[in-house]
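Here's target-v9.cif, which has mmCIF, C-alpha atoms:
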data_entry
loop_
_atom_site.label_atom_id
_atom_site.label_comp_id
_atom_site.auth_asym_id
_atom_site.auth_seq_id
_atom_site.Cartn_x
_atom_site.Cartn_y
_atom_site.Cartn_z
CA MET A 1 84.85 112.90 86.61
CA SER A 2 84.14 116.64 86.28
CA ARG A 3 83.57 116.95 90.03
CA ILE A 4 87.28 116.62 90.78
CA PRO A 5 89.72 119.57 90.80
CA ALA A 6 91.44 120.48 87.56
CA ASP A 7 94.91 119.36 88.69
CA VAL A 8 93.66 115.92 89.75
CA GLU A 9 91.65 115.58 86.55
CA GLU A 10 94.79 116.42 84.57
CA LEU A 11 96.70 113.71 86.49
CA ARG A 12 93.89 111.24 85.83
CA GLN A 13 94.06 111.93 82.11
CA ARG A 14 97.84 111.53 82.04
CA THR A 15 97.53 108.31 84.04
CA ARG A 16 94.90 107.03 81.61
CA THR A 17 97.17 107.74 78.64
CA PHE A 18 100.23 106.23 80.33
CA ILE A 19 98.42 103.02 81.27
CA ARG A 20 97.05 102.50 77.77
CA ASP A 21 100.10 103.56 75.78
CA VAL A 22 102.96 102.30 77.93
CA VAL A 23 101.76 99.78 80.53
CA MET A 24 99.22 97.64 78.67
CA PRO A 25 101.65 96.68 75.86
CA ALA A 26 104.06 95.42 78.54
CA GLU A 27 101.57 93.17 80.37
CA PRO A 28 102.76 89.58 80.88
CA HIS A 29 100.91 86.64 79.39
CA PRO A 30 97.80 85.81 81.46
CA GLY A 31 98.81 83.71 84.46
CA ASP A 32 102.43 84.92 84.48
CA TYR A 33 104.06 87.32 86.92
CA LEU A 34 105.53 90.59 85.71
CA ASP A 35 109.29 90.37 85.22
CA GLU A 36 111.16 92.49 87.78
CA ALA A 37 113.40 94.09 85.16
CA VAL A 38 110.36 95.10 83.12
CA LEU A 39 108.71 96.50 86.24
CA ALA A 40 111.79 98.58 87.07
CA ASP A 41 111.82 100.02 83.54
CA LEU A 42 108.10 100.85 83.70
CA LYS A 43 108.52 102.53 87.11
CA ALA A 44 111.24 104.75 85.66
CA LYS A 45 108.94 105.70 82.79
CA ALA A 46 106.11 106.43 85.25
CA LYS A 47 108.38 108.83 87.13
CA GLU A 48 109.34 110.54 83.89
CA ALA A 49 105.65 110.88 82.99
CA GLY A 50 104.84 112.40 86.39
CA VAL A 51 102.27 109.74 87.35
CA PHE A 52 104.30 107.78 89.91
CA ALA A 53 103.01 107.38 93.49
CA PRO A 54 99.86 109.50 93.14
CA HIS A 55 98.88 108.97 96.79
CA VAL A 56 102.22 109.91 98.35
CA PRO A 57 102.75 113.43 99.77
CA THR A 58 104.92 115.61 97.55
CA GLU A 59 107.55 115.92 100.28
CA TRP A 60 108.24 112.21 99.83
CA GLY A 61 108.29 112.31 96.03
CA GLY A 62 104.65 111.55 95.21
CA GLN A 63 101.94 113.46 93.38
CA GLY A 64 100.25 114.60 96.62
CA VAL A 65 96.66 113.70 95.71
CA PRO A 66 94.46 114.00 98.84
CA ILE A 67 92.93 110.74 100.00
CA GLU A 68 89.37 111.75 99.17
CA LEU A 69 90.42 112.09 95.50
CA TRP A 70 92.45 108.92 95.08
CA SER A 71 89.69 106.94 93.39
CA PRO A 72 89.69 108.49 89.88
CA VAL A 73 93.45 108.02 89.56
CA PHE A 74 93.53 104.57 91.18
CA GLN A 75 90.79 103.36 88.85
CA GLU A 76 92.83 104.46 85.86
CA ALA A 77 95.87 102.65 87.28
CA GLY A 78 93.77 99.51 87.84
CA TYR A 79 92.65 99.37 84.21
CA SER A 80 95.78 97.25 83.80
CA PRO A 81 96.44 94.47 86.33
CA ILE A 82 100.06 95.63 86.54
CA GLY A 83 99.24 99.35 86.55
CA PRO A 84 99.13 99.79 90.34
CA ALA A 85 102.52 98.07 90.75
CA VAL A 86 104.03 100.30 88.06
CA LEU A 87 102.64 103.44 89.70
CA ASN A 88 103.65 102.20 93.18
CA CYS A 89 100.09 102.30 94.51
CA MET A 90 99.59 98.56 94.91
CA ALA A 91 98.93 96.63 98.12
CA PRO A 92 100.50 96.07 100.55
CA ASP A 93 102.95 98.93 99.98
CA GLU A 94 100.26 101.56 99.36
CA GLY A 95 98.57 100.90 102.69
CA ASN A 96 101.89 100.81 104.52
CA MET A 97 102.94 104.13 102.98
CA HIS A 98 99.70 105.74 104.11
CA MET A 99 100.11 104.49 107.67
CA LEU A 100 103.77 105.49 107.86
CA ALA A 101 102.93 108.99 106.63
CA GLN A 102 100.28 109.27 109.35
CA ILE A 103 102.02 107.68 112.33
CA ALA A 104 105.79 107.29 111.88
CA THR A 105 108.39 109.56 113.43
CA GLN A 106 110.48 111.74 111.16
CA GLU A 107 113.42 109.35 111.53
CA GLN A 108 111.21 106.37 110.67
CA LYS A 109 109.82 108.18 107.65
CA GLU A 110 113.30 108.89 106.35
CA ARG A 111 114.43 105.30 106.91
CA PHE A 112 111.32 103.41 105.79
CA LEU A 113 108.83 105.66 104.01
CA ALA A 114 111.26 107.51 101.72
CA PRO A 115 112.67 104.41 99.94
CA LEU A 116 109.22 102.79 99.87
CA ALA A 117 107.63 105.86 98.28
CA ALA A 118 110.46 105.99 95.74
CA GLY A 119 109.80 102.38 94.76
CA ASP A 120 113.31 101.34 95.79
CA VAL A 121 112.11 98.77 98.35
CA ARG A 122 108.98 96.81 99.23
CA SER A 123 107.23 96.06 102.49
CA SER A 124 104.70 93.75 104.12
CA PHE A 125 102.06 94.07 106.83
CA ALA A 126 102.56 91.09 109.15
CA MET A 127 99.34 90.50 111.08
CA THR A 128 97.68 87.27 109.86
CA GLU A 129 98.74 84.12 111.71
CA PRO A 130 98.31 80.33 111.49
CA HIS A 131 95.32 78.89 113.32
CA PRO A 132 94.41 79.57 116.11
CA GLY A 133 96.05 82.97 115.65
CA THR A 134 94.53 86.09 114.19
CA GLY A 135 92.87 86.24 110.79
CA SER A 136 89.65 88.19 110.46
CA ASP A 137 89.46 88.25 114.28
CA PRO A 138 92.22 90.53 115.60
CA SER A 139 91.56 89.50 119.21
CA ALA A 140 93.15 86.11 118.45
CA LEU A 141 96.61 87.71 118.03
CA SER A 142 99.22 85.24 119.31
CA THR A 143 102.57 86.76 118.25
CA ARG A 144 103.98 88.42 121.36
CA ALA A 145 106.51 91.17 122.05
CA VAL A 146 108.04 91.42 125.52
CA LYS A 147 110.06 94.35 126.78
CA ASP A 148 113.59 93.44 127.86
CA GLY A 149 115.51 96.46 129.08
CA ASP A 150 115.81 98.93 126.22
CA GLU A 151 114.75 96.31 123.67
CA TRP A 152 111.67 94.35 122.69
CA VAL A 153 111.77 90.61 121.92
CA ILE A 154 109.27 89.35 119.33
CA ASN A 155 108.20 85.72 119.00
CA GLY A 156 105.54 84.28 116.75
CA ASP A 157 104.59 82.90 113.37
CA LYS A 158 102.77 84.78 110.63
CA ARG A 159 101.21 83.38 107.49
CA PHE A 160 99.82 84.71 104.23
CA ILE A 161 102.08 87.76 104.49
CA SER A 162 101.62 89.28 101.05
CA GLY A 163 104.79 90.32 99.25
CA ALA A 164 107.09 88.99 101.99
CA GLU A 165 109.51 87.25 99.64
CA LEU A 166 110.52 90.60 98.12
CA SER A 167 110.03 92.82 101.18
CA SER A 168 112.82 94.78 102.82
CA PHE A 169 110.91 95.29 106.07
CA PHE A 170 107.79 94.24 107.90
CA ILE A 171 105.24 96.13 109.95
CA VAL A 172 104.64 93.51 112.63
CA MET A 173 101.54 93.42 114.80
CA ALA A 174 102.33 91.78 118.16
CA ALA A 175 100.44 91.38 121.41
CA THR A 176 102.04 93.33 124.25
CA ASP A 177 101.44 93.41 127.99
CA ALA A 178 98.14 95.20 128.64
CA GLU A 179 99.23 96.66 131.97
CA GLU A 180 102.47 97.96 130.50
CA SER A 181 100.47 99.64 127.74
CA ALA A 182 97.54 100.75 129.92
CA ALA A 183 98.17 104.46 129.38
CA ALA A 184 98.14 103.98 125.64
CA THR A 185 95.04 101.79 125.51
CA GLU A 186 93.00 103.83 127.98
CA GLY A 187 90.20 105.61 126.20
CA SER A 188 91.01 104.08 122.82
CA GLY A 189 87.47 102.74 122.60
CA SER A 190 88.45 99.58 120.74
CA ALA A 191 86.86 96.26 121.62
CA GLN A 192 90.32 94.85 122.27
CA ALA A 193 91.13 97.63 124.74
CA ARG A 194 87.88 97.05 126.58
CA LYS A 195 88.85 93.39 126.96
CA GLY A 196 92.19 94.43 128.46
CA GLN A 197 94.10 93.38 125.34
CA ALA A 198 96.88 95.41 123.81
CA ALA A 199 98.93 95.25 120.63
CA THR A 200 101.90 97.17 119.32
CA MET A 201 103.26 97.66 115.82
CA PHE A 202 106.96 97.25 115.15
CA LEU A 203 109.08 98.16 112.12
CA VAL A 204 111.33 95.15 111.58
CA PRO A 205 113.91 94.98 108.76
CA LYS A 206 113.93 91.63 107.01
CA ASP A 207 117.61 91.07 107.75
CA THR A 208 117.10 91.34 111.54
CA PRO A 209 118.43 88.18 113.25
CA GLY A 210 115.63 85.77 113.99
CA VAL A 211 113.45 86.79 111.04
CA SER A 212 112.93 84.10 108.40
CA VAL A 213 110.59 83.77 105.46
CA GLY A 214 109.07 80.29 105.30
CA ARG A 215 107.26 78.35 102.64
CA SER A 216 105.07 80.19 100.20
CA ILE A 217 101.34 79.57 99.85
CA HIS A 218 100.29 79.09 96.23
CA THR A 219 97.28 81.20 95.30
CA VAL A 220 95.38 81.90 92.09
CA ASP A 221 96.12 85.64 91.98
CA ARG A 222 99.14 87.15 90.22
CA THR A 223 98.96 90.87 91.04
CA ILE A 224 100.98 90.92 94.26
CA ALA A 225 104.63 90.11 93.67
CA GLY A 226 106.50 88.39 96.46
CA GLY A 227 103.96 85.69 97.20
CA HIS A 228 101.97 85.03 100.37
CA PRO A 229 104.43 83.07 102.53
CA TYR A 230 104.84 82.25 106.19
CA VAL A 231 107.16 84.56 108.16
CA HIS A 232 108.74 83.48 111.44
CA PHE A 233 109.96 85.69 114.26
CA ASP A 234 112.19 83.79 116.68
CA ASP A 235 113.59 85.86 119.56
CA VAL A 236 113.79 88.88 117.28
CA ARG A 237 115.28 91.79 119.19
CA VAL A 238 114.44 95.34 118.15
CA PRO A 239 115.12 98.68 119.85
CA ALA A 240 112.35 100.85 121.30
CA SER A 241 112.77 103.09 118.24
CA ALA A 242 111.28 100.25 116.16
CA ILE A 243 107.84 100.87 117.66
CA LEU A 244 105.47 102.46 115.14
CA GLY A 245 103.45 105.06 117.02
CA GLU A 246 102.88 104.31 120.69
CA PRO A 247 102.96 101.00 122.56
CA GLY A 248 99.55 99.43 122.99
CA LYS A 249 97.83 101.30 120.17
CA GLY A 250 98.31 98.69 117.48
CA PHE A 251 94.62 97.88 117.10
CA ALA A 252 93.72 101.55 116.68
CA TYR A 253 96.55 102.08 114.19
CA ALA A 254 95.39 99.04 112.22
CA GLN A 255 92.18 100.92 111.43
CA VAL A 256 94.24 103.85 110.11
CA ARG A 257 95.58 101.41 107.55
CA LEU A 258 92.74 98.97 106.99
CA ALA A 259 89.82 101.30 106.22
CA PRO A 260 91.63 103.10 103.38
CA ALA A 261 93.27 99.84 102.23
CA ARG A 262 89.88 98.16 101.81
CA LEU A 263 88.72 101.10 99.73
CA THR A 264 91.82 101.35 97.55
CA HIS A 265 91.40 97.67 96.69
CA CYS A 266 87.89 98.60 95.53
CA MET A 267 89.28 101.46 93.43
CA ARG A 268 91.93 99.38 91.69
CA TRP A 269 89.66 96.40 91.02
CA LEU A 270 86.91 98.68 89.74
CA GLY A 271 89.36 99.89 87.11
CA LEU A 272 89.90 96.26 86.08
CA ALA A 273 86.13 95.70 85.96
CA ARG A 274 85.86 98.62 83.53
CA ARG A 275 88.52 96.94 81.36
CA ALA A 276 86.57 93.67 81.45
CA LEU A 277 83.33 95.41 80.45
CA ASP A 278 85.09 97.23 77.61
CA THR A 279 86.38 93.87 76.38
CA ALA A 280 82.87 92.43 76.50
CA LEU A 281 81.40 95.46 74.72
CA ASP A 282 83.92 95.12 71.91
CA ARG A 283 83.10 91.45 71.48
CA ALA A 284 79.34 92.07 71.65
CA GLU A 285 79.60 94.76 68.96
CA HIS A 286 81.45 92.55 66.48
CA ARG A 287 80.35 88.96 67.16
CA GLU A 288 77.30 87.84 65.19
CA ALA A 289 75.01 84.98 66.16
CA PHE A 290 71.48 84.06 65.09
CA GLY A 291 71.38 86.84 62.52
CA ASP A 292 72.55 89.83 64.53
CA VAL A 293 75.43 91.11 66.65
CA LEU A 294 75.34 90.16 70.33
CA ALA A 295 75.00 93.81 71.39
CA ARG A 296 71.48 93.89 69.92
CA GLN A 297 70.31 90.66 71.56
CA GLY A 298 68.27 90.91 74.73
CA LEU A 299 70.08 88.34 76.86
CA VAL A 300 73.47 89.96 76.21
CA GLN A 301 72.01 93.43 76.75
CA GLU A 302 70.85 92.25 80.19
CA LEU A 303 74.40 91.13 81.06
CA ILE A 304 75.84 94.44 79.88
CA ALA A 305 73.24 96.54 81.69
CA GLN A 306 73.78 94.69 84.98
CA SER A 307 77.53 95.24 84.69
CA VAL A 308 77.10 98.97 84.07
CA ILE A 309 74.83 99.15 87.14
CA ASP A 310 77.39 97.26 89.27
CA ILE A 311 80.21 99.56 88.16
CA GLU A 312 78.30 102.79 88.71
CA THR A 313 76.96 101.66 92.10
CA SER A 314 80.45 100.66 93.22
CA ASP A 315 81.86 103.99 92.05
CA ALA A 316 79.22 105.88 94.04
CA MET A 317 79.94 103.85 97.18
CA ILE A 318 83.66 104.47 96.87
CA THR A 319 83.12 108.21 96.37
CA LYS A 320 80.83 108.48 99.39
CA THR A 321 83.27 106.60 101.61
CA SER A 322 86.28 108.55 100.33
CA GLU A 323 84.69 111.79 101.52
CA VAL A 324 85.06 110.79 105.19
CA LEU A 325 88.38 108.92 105.14
CA ALA A 326 90.38 111.93 106.30
CA THR A 327 87.81 113.43 108.68
CA ASP A 328 85.84 110.68 110.46
CA ALA A 329 87.71 107.44 111.12
CA LYS A 330 84.73 105.69 112.75
CA GLU A 331 82.37 106.50 109.89
CA ALA A 332 85.05 105.62 107.33
CA ASN A 333 85.57 102.23 108.94
CA SER A 334 81.83 101.52 108.81
CA ARG A 335 81.38 102.70 105.22
CA SER A 336 84.51 100.94 103.98
CA SER A 337 83.13 97.62 105.23
CA ILE A 338 79.97 98.16 103.18
CA ALA A 339 81.92 99.24 100.11
CA LYS A 340 84.34 96.34 100.43
CA VAL A 341 81.57 93.74 100.58
CA TYR A 342 79.63 95.20 97.67
CA CYS A 343 82.55 96.07 95.39
CA SER A 344 84.37 92.76 95.86
CA GLU A 345 81.25 90.89 94.76
CA ALA A 346 80.22 93.39 92.05
CA VAL A 347 83.64 93.39 90.39
CA TYR A 348 83.59 89.60 90.31
CA ARG A 349 80.14 89.66 88.69
CA VAL A 350 81.25 92.14 86.02
CA ILE A 351 84.27 90.06 85.03
CA ASP A 352 82.25 86.84 85.12
CA ARG A 353 79.65 88.35 82.77
CA ALA A 354 82.41 89.53 80.44
CA ILE A 355 83.70 85.95 80.28
CA GLN A 356 80.20 84.74 79.44
CA ILE A 357 79.85 87.25 76.61
CA THR A 358 83.25 86.39 75.12
CA GLY A 359 82.51 82.66 75.24
CA GLY A 360 85.34 80.20 74.68
CA ASP A 361 87.96 82.94 74.40
CA GLY A 362 86.86 84.21 77.81
CA VAL A 363 87.89 81.02 79.58
CA SER A 364 91.12 80.67 77.61
CA ASP A 365 94.41 82.50 77.85
CA GLN A 366 93.70 84.16 74.49
CA LEU A 367 92.04 86.89 76.55
CA PRO A 368 93.10 87.89 80.09
CA LEU A 369 89.59 87.71 81.56
CA ILE A 370 89.86 84.37 83.34
CA GLN A 371 93.07 85.58 85.03
CA TYR A 372 91.22 88.73 86.08
CA LEU A 373 88.65 86.50 87.74
CA ASN A 374 91.42 84.65 89.56
CA ASP A 375 92.95 87.95 90.63
CA VAL A 376 89.76 89.43 92.08
CA ARG A 377 88.28 86.29 93.71
CA PRO A 378 90.58 86.49 96.77
CA PHE A 379 89.42 90.05 97.48
CA ARG A 380 86.32 88.59 99.14
CA ILE A 381 88.74 87.15 101.72
CA TYR A 382 91.63 89.64 101.81
CA ASP A 383 91.26 92.58 104.22
CA GLY A 384 88.56 90.75 106.14
CA ALA A 385 86.28 88.04 104.79
CA THR A 386 82.91 89.16 103.44
CA GLU A 387 81.14 87.32 106.25
CA THR A 388 83.17 89.17 108.90
CA HIS A 389 82.22 92.52 107.40
CA LYS A 390 78.55 91.53 107.16
CA PHE A 391 78.66 90.56 110.83
CA ALA A 392 80.04 94.00 111.70
CA ILE A 393 77.61 95.82 109.40
CA SER A 394 74.64 94.08 110.99
CA ARG A 395 75.84 94.78 114.54
CA ARG A 396 76.35 98.47 113.79
CA ALA A 397 72.87 98.78 112.29
CA SER A 398 71.25 97.07 115.28
CA SER A 399 73.25 99.17 117.75
CA LYS A 400 72.34 102.42 116.00
CA ARG A 401 68.63 101.60 116.02
CA ARG A 402 68.68 100.53 119.69
CA LYS A 403 70.19 103.87 120.62
CA GLU A 404 67.59 105.76 118.56
CA VAL A 405 64.73 103.95 120.29
CA ALA A 406 66.34 104.40 123.70
CA ALA A 407 66.56 108.15 122.98
CA GLY A 408 62.81 108.35 122.30
CA ALA A 409 62.24 107.28 118.71
CA PRO A 410 59.02 105.25 118.47
CA ARG A 411 59.23 101.54 117.74
CA LEU A 412 57.87 100.97 114.26
CA ASP A 413 57.03 97.29 114.72
CA ASN A 414 54.18 97.85 117.21
CA VAL A 415 50.86 96.79 115.75
CA GLY A 416 48.64 97.72 118.69
CA GLU A 417 46.15 95.56 120.55
CA ALA A 418 44.14 92.96 118.69
CA ARG A 419 40.38 93.64 118.57
#

Render the structure in this file as structure tokens.
Amino acid sequence: MSRIPADVEELRQRTRTFIRDVVMPAEPHPGDYLDEAVLADLKAKAKEAGVFAPHVPTEWGGQGVPIELWSPVFQEAGYSPIGPAVLNCMAPDEGNMHMLAQIATQEQKERFLAPLAAGDVRSSFAMTEPHPGTGSDPSALSTRAVKDGDEWVINGDKRFISGAELSSFFIVMAATDAEESAAATEGSGSAQARKGQAATMFLVPKDTPGVSVGRSIHTVDRTIAGGHPYVHFDDVRVPASAILGEPGKGFAYAQVRLAPARLTHCMRWLGLARRALDTALDRAEHREAFGDVLARQGLVQELIAQSVIDIETSDAMITKTSEVLATDAKEANSRSSIAKVYCSEAVYRVIDRAIQITGGDGVSDQLPLIQYLNDVRPFRIYDGATETHKFAISRRASSKRRKEVAAGAPRLDNVGEAR
């Protein structure tokens, strides 16, 4: 970690100490959710320790760490499954804060970002919909917003809206009239814009008439409080001031949020993978079998070595992608897809190996490892399924090579004429 500036390194060290000394002793029993009163107390202690909201600009009460340096601090937070929630850098709020800081008006920042950054409220990003609506394919967006005088009327159903049961407001992605938003979509370069599709983001308080939170969807993970329920928008009327950014630019704004959000998931989960490996190393050092400790037995050494390789490779991918997050959105989107696919699978492998090394305790609630596995398994689906990202990665690679050949690069598959 010596490559990072001294002030960020100092924050990382303080975060490391806070997580181990204050947060880990307060962790709930594996499989249980963190009590809200305990969370509130831990948040207050995080503020006192000066480690709260590391990613938030200082003007909104955060630590002001630049995005390219989030990873060292986020990994320390993720060493505990509740650490990111305590430090207010957990999804979906963290991604929403980043997007609000980038796009929102000053009035919107004061109304929505300020209390969110302070940890006083929670939020949700409402994009995913029931079939045949949008999931990994944003072009399937079915929730619609129609302009009516000085207001917009939103109708549609969302599902799997993480944290919605405890949210104070939603950032709602809705399809809007393409012609009405033509000026905004022109030149955006997105596939949706080229198809004549448009979408707009709206800031919608939960208590707006017509908004209702439906049934919750039970999942195996326990890190996101507020569940993953359905949310319904029935003739929801909002003023023009509720639009986040400009009308018709919702798809472009989604990338402002999604590329960093994919990567911050990688950062947090990598911290948990380090915790799992440490647990396995401790067990391997002290558990004897067949005349020696596990740490000196070849099969266990293979498991440990592969986990170290997965962690270090993931860390390098995250670092490389972080370097372009603030300067090259297109490159960041491409790299974050690669990092998301690799890290989501590598973290799972590391935790799975740790369970194997710890044996029966690993699959019990005597250790938290099996809950860690439950927590990280959905990451291969959240923020775009692995298969969707692989599809995009492959298309980008093929497109890049076609352009190189078209520009004069020689084809390398030619074998010449047969003799």

Handout entry: Test item: residues at most 9 Å from His55 (chain A), all atoms listed in the file, excluding those fewer than 4 positions along its chain, as a list in words
Key = Gly62, Gln63, Gly64, Val65, Pro66, Ile67, Trp70, Phe74, Cys89, Glu94, Met97 and His98 of chain A

Problem - Computed interatomic separation between CA of Gly248 (chain A) and CA of Ala178 (chain A) (Å) - result: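 Computing the Euclidean distance for CA of Gly248 (chain A) and CA of Ala178 (chain A) yields 7.2 Å.
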
Handout entry: Exercise: residues within 10 Å of coordinate (95.9, 109.0, 83.6), counting only C-alpha atoms, as number ranges by chain
Key = A: 8-20, 49-51, 72-77

Grab the residues selected above and save them as an mmCIF file, in the coordinates of the input with C-alpha atoms.
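Everything below was put into selection.cif:
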data_model
loop_
_atom_site.group_PDB
_atom_site.id
_atom_site.type_symbol
_atom_site.label_atom_id
_atom_site.label_comp_id
_atom_site.auth_asym_id
_atom_site.auth_seq_id
_atom_site.Cartn_x
_atom_site.Cartn_y
_atom_site.Cartn_z
ATOM 1 C CA VAL A 8 93.660 115.920 89.750
ATOM 2 C CA GLU A 9 91.650 115.580 86.550
ATOM 3 C CA GLU A 10 94.790 116.420 84.570
ATOM 4 C CA LEU A 11 96.700 113.710 86.490
ATOM 5 C CA ARG A 12 93.890 111.240 85.830
ATOM 6 C CA GLN A 13 94.060 111.930 82.110
ATOM 7 C CA ARG A 14 97.840 111.530 82.040
ATOM 8 C CA THR A 15 97.530 108.310 84.040
ATOM 9 C CA ARG A 16 94.900 107.030 81.610
ATOM 10 C CA THR A 17 97.170 107.740 78.640
ATOM 11 C CA PHE A 18 100.230 106.230 80.330
ATOM 12 C CA ILE A 19 98.420 103.020 81.270
ATOM 13 C CA ARG A 20 97.050 102.500 77.770
ATOM 14 C CA ALA A 49 105.650 110.880 82.990
ATOM 15 C CA GLY A 50 104.840 112.400 86.390
ATOM 16 C CA VAL A 51 102.270 109.740 87.350
ATOM 17 C CA PRO A 72 89.690 108.490 89.880
ATOM 18 C CA VAL A 73 93.450 108.020 89.560
ATOM 19 C CA PHE A 74 93.530 104.570 91.180
ATOM 20 C CA GLN A 75 90.790 103.360 88.850
ATOM 21 C CA GLU A 76 92.830 104.460 85.860
ATOM 22 C CA ALA A 77 95.870 102.650 87.280
#

Give me, as a Markdown table, the closest atom pair and its distance (Å, one decimal) for every residue of region 117-185 of chain A within a cut-off of 12 Å of region 230-244 of chain A, counting all atoms listed in the file, rows sorted by chain and rising number.
| residue | atom | partner | partner_atom | distance |
| --- | --- | --- | --- | --- |
| A:Ser124 | CA | A:Val231 | CA | 10.3 |
| A:Phe125 | CA | A:Val231 | CA | 10.9 |
| A:Ala126 | CA | A:Val231 | CA | 8.0 |
| A:Met127 | CA | A:Val231 | CA | 10.2 |
| A:Thr128 | CA | A:Tyr230 | CA | 9.5 |
| A:Glu129 | CA | A:Tyr230 | CA | 8.4 |
| A:Pro130 | CA | A:Tyr230 | CA | 8.6 |
| A:Ser142 | CA | A:Phe233 | CA | 11.9 |
| A:Thr143 | CA | A:Phe233 | CA | 8.5 |
| A:Arg144 | CA | A:Phe233 | CA | 9.7 |
| A:Ala145 | CA | A:Val236 | CA | 9.0 |
| A:Val146 | CA | A:Arg237 | CA | 9.6 |
| A:Lys147 | CA | A:Ala240 | CA | 8.8 |
| A:Asp148 | CA | A:Arg237 | CA | 9.0 |
| A:Gly149 | CA | A:Ala240 | CA | 9.5 |
| A:Asp150 | CA | A:Ala240 | CA | 6.3 |
| A:Glu151 | CA | A:Pro239 | CA | 4.5 |
| A:Trp152 | CA | A:Val238 | CA | 5.4 |
| A:Val153 | CA | A:Arg237 | CA | 4.6 |
| A:Ile154 | CA | A:Val236 | CA | 5.0 |
| A:Asn155 | CA | A:Asp234 | CA | 5.0 |
| A:Gly156 | CA | A:Phe233 | CA | 5.3 |
| A:Asp157 | CA | A:His232 | CA | 4.6 |
| A:Lys158 | CA | A:Val231 | CA | 5.0 |
| A:Arg159 | CA | A:Tyr230 | CA | 4.0 |
| A:Phe160 | CA | A:Tyr230 | CA | 5.9 |
| A:Ile161 | CA | A:Tyr230 | CA | 6.4 |
| A:Ser162 | CA | A:Tyr230 | CA | 9.3 |
| A:Gly163 | CA | A:Tyr230 | CA | 10.6 |
| A:Ala164 | CA | A:Val231 | CA | 7.6 |
| A:Glu165 | CA | A:Val231 | CA | 9.2 |
| A:Ser167 | CA | A:Val231 | CA | 11.2 |
| A:Phe169 | CA | A:Ala242 | CA | 11.2 |
| A:Phe170 | CA | A:Val231 | CA | 9.7 |
| A:Ile171 | CA | A:Leu244 | CA | 8.2 |
| A:Val172 | CA | A:Leu244 | CA | 9.3 |
| A:Met173 | CA | A:Leu244 | CA | 9.9 |
| A:Ala174 | CA | A:Phe233 | CA | 10.5 |
| A:Thr176 | CA | A:Ile243 | CA | 11.6 |

Using the chain letters and residue numbers of this document, give as a PDB file with C-alpha atoms, in the frame of the given file the residues selected by the PyMOL selection byres ((chain A and resi 225) around 9).
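Produced file selection-v1.pdb, reproduced below:
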ATOM      1  CA  TYR A  33     104.060  87.320  86.920  1.00  0.00           C
ATOM      2  CA  LEU A  34     105.530  90.590  85.710  1.00  0.00           C
ATOM      3  CA  ALA A  85     102.520  98.070  90.750  1.00  0.00           C
ATOM      4  CA  SER A 162     101.620  89.280 101.050  1.00  0.00           C
ATOM      5  CA  GLY A 163     104.790  90.320  99.250  1.00  0.00           C
ATOM      6  CA  ALA A 164     107.090  88.990 101.990  1.00  0.00           C
ATOM      7  CA  GLU A 165     109.510  87.250  99.640  1.00  0.00           C
ATOM      8  CA  LEU A 166     110.520  90.600  98.120  1.00  0.00           C
ATOM      9  CA  ARG A 222      99.140  87.150  90.220  1.00  0.00           C
ATOM     10  CA  THR A 223      98.960  90.870  91.040  1.00  0.00           C
ATOM     11  CA  ILE A 224     100.980  90.920  94.260  1.00  0.00           C
ATOM     12  CA  GLY A 226     106.500  88.390  96.460  1.00  0.00           C
ATOM     13  CA  GLY A 227     103.960  85.690  97.200  1.00  0.00           C
ATOM     14  CA  HIS A 228     101.970  85.030 100.370  1.00  0.00           C
TER      15      HIS A 228
END

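If you measure from each of A:Pro378, A:Leu294, A:Met317, A:Leu203 to Thr105 (chain A) using only C-alpha atoms, the closest one turns out to be A:Leu203.
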
Problem - Between CA of Ala104 (chain A) and CA of Pro247 (chain A) - distance in Å to one decimal - result: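 That distance, rounded to one decimal, is 12.7 Å.
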
Practice task
One decimal, Å: what's the distance from CA of Ile311 (chain A) over to CA of Leu369 (chain A), could you say?
Solution key: 16.5 Å

Practice task
Could you tell me which residues the PyMOL selection byres ((chain A and resi 300) around 12) grabs in this file, written as a ChimeraX atom specification?
Solution key: /A:280-281,283-285,287-289,292-299,301-307,353-359

Practice task
May I ask which of the residues A:Ala44, A:Ala91, A:Val376, A:Ile82 is the closest one to Thr219 (chain A), counting all atoms listed in the file?
Solution key: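 The shortest atom-to-atom distance to Thr219 (chain A) comes from A:Val376.
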
Handout entry: Target residues per the PyMOL selection byres ((chain A and resi 324-337) around 7), formatted as a list in words
Key = Ile67, Glu68, Ala259, Pro260, Arg262, Leu263, Thr321, Ser322, Glu323, Ile338, Ala339, Lys340, Val341 and His389 of chain A

Exercise for the section: Return the single residue from A:Ser71, A:Ser364, A:Gln197, A:Asn88 that is closest to Pro30 (chain A), with distances computed using only C-alpha atoms. Expected result: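 Of A:Ser71, A:Ser364, A:Gln197, A:Asn88, the one nearest Pro30 (chain A), counting only C-alpha atoms, is A:Ser364.
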
Handout entry: Gln371 (chain A) environment, 10 Å, only C-alpha atoms, sequence neighbours closer than 6 positions dropped, as a list in words
Key =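 Contacts, in chain order: His29, Pro30, Gly31, Asp32, Pro81, Val220, Asp221, Arg222, Thr223, Ile351, Gly362, Val363, Ser364, Asp365 and Arg377 of chain A.
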
Handout entry: Spatial neighbours of Arg275 (chain A), max dist 8 Å, only C-alpha atoms, sep filter under 4 positions, as a ChimeraX atom specification
Key = /A:79-80,271,279

Handout entry: Residue nearest Pro54 (chain A) - candidates A:Leu69, A:Thr386, A:Ala199, A:Met267, atoms counted: all atoms listed in the file
Key =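 For Pro54 (chain A), the nearest of the candidates is A:Leu69.
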